[in-house]
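Working notes, beginning with the structure itself.
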Amino acid sequence: MADAASGPAIRLTIGLSDGLSKLAAHSLLDPVLQTPGLRLLCHEGEFEHLMADLALHRLDMVLAGQGAPVNANLKVSSHWLASSPMCWYGLGQWVTAETTAAFPACLNELPVLLPTRHTPVRAALDRWFDEHDLVPAVVGEFEDSALMSVFAARGLGVFPVSALGAEDLSLMPGLRLLGQTEVKEDIHAIYSHRTRHHPLVQQMLQGIEPLPD
């Protein structure tokens with residue numbers, strides 16, 4: 001039974017798409033995290049599987065790097081929540097005055113960690129590499145962006161992260177900003193026509209114009 005002081009329990013079940021910056025997702029969820037009696041359940045998975053769970057009302061909302069698919073049978077809608085520039089971070093052994101001054105060309109000389117290729121932001125980063133004639137030495141690829149930051153904090157290499165969630169990197173002392181790019185990570189909230197009335201879903205979407213279904 002919920003604590004009487006906190007009021008009745010309110011449950012929010014969120015799906016987080018593989019490859020989405022978990023630090024950015026935490027930042028976007030922050031407005032609802034102080035809700036009295038909140039019980040938050042987070043599930044991570046592939047975009048298509050999360051869409052199926054949303055359609056079956058197993059999830060209240062999905063946060064993803066892309067909008068809802070065009071499929072009338074799914075009966076889902078999406079709102080664009082944020083577009084955040086990608087920044088590069090690493091330990092002091094990689095982020096020096098020399099490498100910072102030479103950014104982004106220095107990425108040709110540094111060990112690099114990246115999201116896996118099936119993520120929307122990886123495609124944007126690959127295009128950015130081509131535009132700047134960069135051929136980085138990729139030493140690791142990760143579906144989970146939070147896990148990627150942990151390996152970076154252990155010195156494996158430098159990595160990109162959404163500026164929206166970069167403040168949470170303070171939990172990993174030693175990581176320094178190498179540089180910021182024009183590459184953007186888009187984050188969309190996707191919900192079903194039934195779960196749109198969930199009070200915390202409404203709170204997250206308040207004041208944001210929806211993208212076309």
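Labels for the structure tokens follow display order: chains A, B, ..., residues from 1 in each chain, ligands from 1.
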Report task. Just the residues within 12 Å of range 91-95 of chain A, please, counting only C-alpha atoms, with nothing from its chain fewer than 4 positions along; format it as a PyMOL selection string. Result -> chain A and resi 99-104+106-107+109-112+149-159+169+172-179
Counting only C-alpha atoms, what are the residues of range 10-107 of chain A within 7 Å of range 187-210 of chain A, and for each of them which pair of atoms is the nearest and at what distance in Å, to one decimal? Sort the table by chain and rising number, as a tab-separated table.
residue	atom	partner	partner_atom	distance
A:Val32	CA	A:Leu200	CA	6.6
A:Leu54	CA	A:Ser192	CA	6.6
A:Ala55	CA	A:Ser192	CA	6.5
A:Asp60	CA	A:Thr195	CA	5.4
A:Met61	CA	A:Tyr191	CA	4.7
A:Val62	CA	A:Ile190	CA	5.0
A:Leu63	CA	A:Ala189	CA	4.8
A:Ala64	CA	A:His188	CA	5.3
A:Gly65	CA	A:Ile187	CA	4.7
A:Gln66	CA	A:His188	CA	6.0
A:Gly67	CA	A:His188	CA	5.7
A:Ala68	CA	A:Ile190	CA	6.2
A:Lys75	CA	A:Ser192	CA	6.0
A:Val76	CA	A:Ser192	CA	4.2
A:Ser77	CA	A:Tyr191	CA	5.6
A:Ser78	CA	A:Ile190	CA	4.2
A:His79	CA	A:Pro210	CA	4.4
A:Trp80	CA	A:His188	CA	4.4
A:Leu81	CA	A:His188	CA	5.3
A:Ala82	CA	A:Ile187	CA	5.3
A:Ser83	CA	A:Ile187	CA	6.4
Requested in this report: Would you mind telling me which residue in A:Leu50, A:Leu134, A:Leu74, A:Leu29 lies nearest to Leu16 in chain A when using only C-alpha atoms?
Outcome: A:Leu50
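Nearest residue to Ser84 in chain A among A:Leu113, A:Leu28, A:Gly140, A:Met148 is A:Leu28, counting only C-alpha atoms.
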Query raised in the report: What's the 9 Å shell around Lys22 in chain A, counting only C-alpha atoms, without same-chain residues fewer than 2 positions away, as a PyMOL selection string?
Result: chain A and resi 16+19-20+24-27+144-146+165
Report task. Using backbone DSSP assignments, extract all strand (DSSP E or B) residues from range 47-126 of chain A; output them as a list of chain:residue names. Result -> A:Met61, A:Val62, A:Leu63, A:Ala64, A:Val76, A:Ser77, A:Ser78, A:His79, A:Trp80, A:Leu81, A:Ala82, A:Ser83, A:Ser84, A:Pro85, A:Met86, A:Cys87, A:Trp88, A:Tyr89, A:Gly90, A:Pro111, A:Val112, A:Leu113, A:Leu114, A:Pro115
May I have the residues from that selection written out with N, CA, C and O atoms, as a JSON list (two decimals), in the first residue's frame?
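Wrote again.json, looks like this:
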[["chain", "number", "residue", "atom", "x", "y", "z"],
["A", 61, "MET", "N", 4.30, 4.98, -22.82],
["A", 61, "MET", "CA", 4.96, 5.87, -23.76],
["A", 61, "MET", "C", 6.31, 5.28, -24.14],
["A", 61, "MET", "O", 6.91, 4.52, -23.38],
["A", 62, "VAL", "N", 6.77, 5.63, -25.35],
["A", 62, "VAL", "CA", 8.09, 5.23, -25.81],
["A", 62, "VAL", "C", 8.88, 6.49, -26.12],
["A", 62, "VAL", "O", 8.38, 7.41, -26.77],
["A", 63, "LEU", "N", 10.13, 6.53, -25.68],
["A", 63, "LEU", "CA", 11.06, 7.58, -26.07],
["A", 63, "LEU", "C", 12.02, 6.99, -27.10],
["A", 63, "LEU", "O", 12.62, 5.94, -26.85],
["A", 64, "ALA", "N", 12.13, 7.66, -28.24],
["A", 64, "ALA", "CA", 12.92, 7.10, -29.34],
["A", 64, "ALA", "C", 13.57, 8.21, -30.14],
["A", 64, "ALA", "O", 13.19, 9.39, -30.04],
["A", 76, "VAL", "N", -1.02, 4.99, -32.98],
["A", 76, "VAL", "CA", -0.10, 5.72, -32.11],
["A", 76, "VAL", "C", 0.21, 7.08, -32.73],
["A", 76, "VAL", "O", 0.05, 7.28, -33.94],
["A", 77, "SER", "N", 0.62, 8.00, -31.89],
["A", 77, "SER", "CA", 1.01, 9.34, -32.31],
["A", 77, "SER", "C", 2.36, 9.67, -31.70],
["A", 77, "SER", "O", 2.80, 9.04, -30.73],
["A", 78, "SER", "N", 3.04, 10.68, -32.25],
["A", 78, "SER", "CA", 4.32, 11.07, -31.70],
["A", 78, "SER", "C", 4.43, 12.58, -31.56],
["A", 78, "SER", "O", 3.82, 13.33, -32.34],
["A", 79, "HIS", "N", 5.15, 13.00, -30.56],
["A", 79, "HIS", "CA", 5.50, 14.40, -30.34],
["A", 79, "HIS", "C", 7.03, 14.51, -30.36],
["A", 79, "HIS", "O", 7.72, 13.69, -29.76],
["A", 80, "TRP", "N", 7.52, 15.51, -31.05],
["A", 80, "TRP", "CA", 8.94, 15.82, -30.97],
["A", 80, "TRP", "C", 9.18, 16.51, -29.64],
["A", 80, "TRP", "O", 8.50, 17.47, -29.29],
["A", 81, "LEU", "N", 10.15, 15.99, -28.87],
["A", 81, "LEU", "CA", 10.44, 16.55, -27.56],
["A", 81, "LEU", "C", 11.66, 17.47, -27.55],
["A", 81, "LEU", "O", 11.65, 18.51, -26.90],
["A", 82, "ALA", "N", 12.71, 17.06, -28.27],
["A", 82, "ALA", "CA", 13.96, 17.82, -28.19],
["A", 82, "ALA", "C", 14.87, 17.49, -29.35],
["A", 82, "ALA", "O", 14.78, 16.40, -29.95],
["A", 83, "SER", "N", 15.74, 18.42, -29.66],
["A", 83, "SER", "CA", 16.82, 18.21, -30.62],
["A", 83, "SER", "C", 18.07, 18.77, -29.97],
["A", 83, "SER", "O", 18.17, 19.98, -29.74],
["A", 84, "SER", "N", 19.00, 17.90, -29.65],
["A", 84, "SER", "CA", 20.15, 18.29, -28.84],
["A", 84, "SER", "C", 21.45, 18.01, -29.58],
["A", 84, "SER", "O", 21.63, 16.93, -30.15],
["A", 85, "PRO", "N", 22.39, 18.97, -29.60],
["A", 85, "PRO", "CA", 23.67, 18.73, -30.27],
["A", 85, "PRO", "C", 24.48, 17.64, -29.58],
["A", 85, "PRO", "O", 24.38, 17.45, -28.36],
["A", 86, "MET", "N", 25.26, 16.92, -30.36],
["A", 86, "MET", "CA", 26.12, 15.88, -29.83],
["A", 86, "MET", "C", 27.47, 16.46, -29.46],
["A", 86, "MET", "O", 28.09, 17.19, -30.24],
["A", 87, "CYS", "N", 27.91, 16.15, -28.25],
["A", 87, "CYS", "CA", 29.22, 16.58, -27.76],
["A", 87, "CYS", "C", 30.10, 15.35, -27.58],
["A", 87, "CYS", "O", 29.61, 14.24, -27.39],
["A", 88, "TRP", "N", 31.41, 15.57, -27.63],
["A", 88, "TRP", "CA", 32.37, 14.48, -27.44],
["A", 88, "TRP", "C", 33.09, 14.67, -26.11],
["A", 88, "TRP", "O", 33.53, 15.78, -25.78],
["A", 89, "TYR", "N", 33.20, 13.58, -25.36],
["A", 89, "TYR", "CA", 33.86, 13.59, -24.06],
["A", 89, "TYR", "C", 34.88, 12.46, -23.97],
["A", 89, "TYR", "O", 34.81, 11.47, -24.71],
["A", 90, "GLY", "N", 35.80, 12.60, -23.05],
["A", 90, "GLY", "CA", 36.78, 11.56, -22.77],
["A", 90, "GLY", "C", 37.58, 11.92, -21.54],
["A", 90, "GLY", "O", 37.43, 13.01, -20.97],
["A", 111, "PRO", "N", 41.20, 6.89, -29.97],
["A", 111, "PRO", "CA", 40.28, 5.75, -29.95],
["A", 111, "PRO", "C", 38.86, 6.26, -29.74],
["A", 111, "PRO", "O", 38.62, 7.13, -28.90],
["A", 112, "VAL", "N", 37.94, 5.73, -30.52],
["A", 112, "VAL", "CA", 36.57, 6.27, -30.55],
["A", 112, "VAL", "C", 35.56, 5.18, -30.19],
["A", 112, "VAL", "O", 35.65, 4.04, -30.66],
["A", 113, "LEU", "N", 34.58, 5.56, -29.36],
["A", 113, "LEU", "CA", 33.43, 4.71, -29.04],
["A", 113, "LEU", "C", 32.21, 5.30, -29.73],
["A", 113, "LEU", "O", 32.03, 6.52, -29.77],
["A", 114, "LEU", "N", 31.35, 4.43, -30.27],
["A", 114, "LEU", "CA", 30.19, 4.89, -31.03],
["A", 114, "LEU", "C", 28.94, 4.08, -30.70],
["A", 114, "LEU", "O", 29.05, 2.92, -30.28],
["A", 115, "PRO", "N", 27.76, 4.66, -30.94],
["A", 115, "PRO", "CA", 26.53, 3.85, -30.91],
["A", 115, "PRO", "C", 26.56, 2.84, -32.05],
["A", 115, "PRO", "O", 27.25, 3.04, -33.05]]
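Each of A:Leu147, A:Val183, A:Leu41, A:Val70 was checked against Glu131 in chain A using only C-alpha atoms; the smallest atom-to-atom distance is that of A:Val183.
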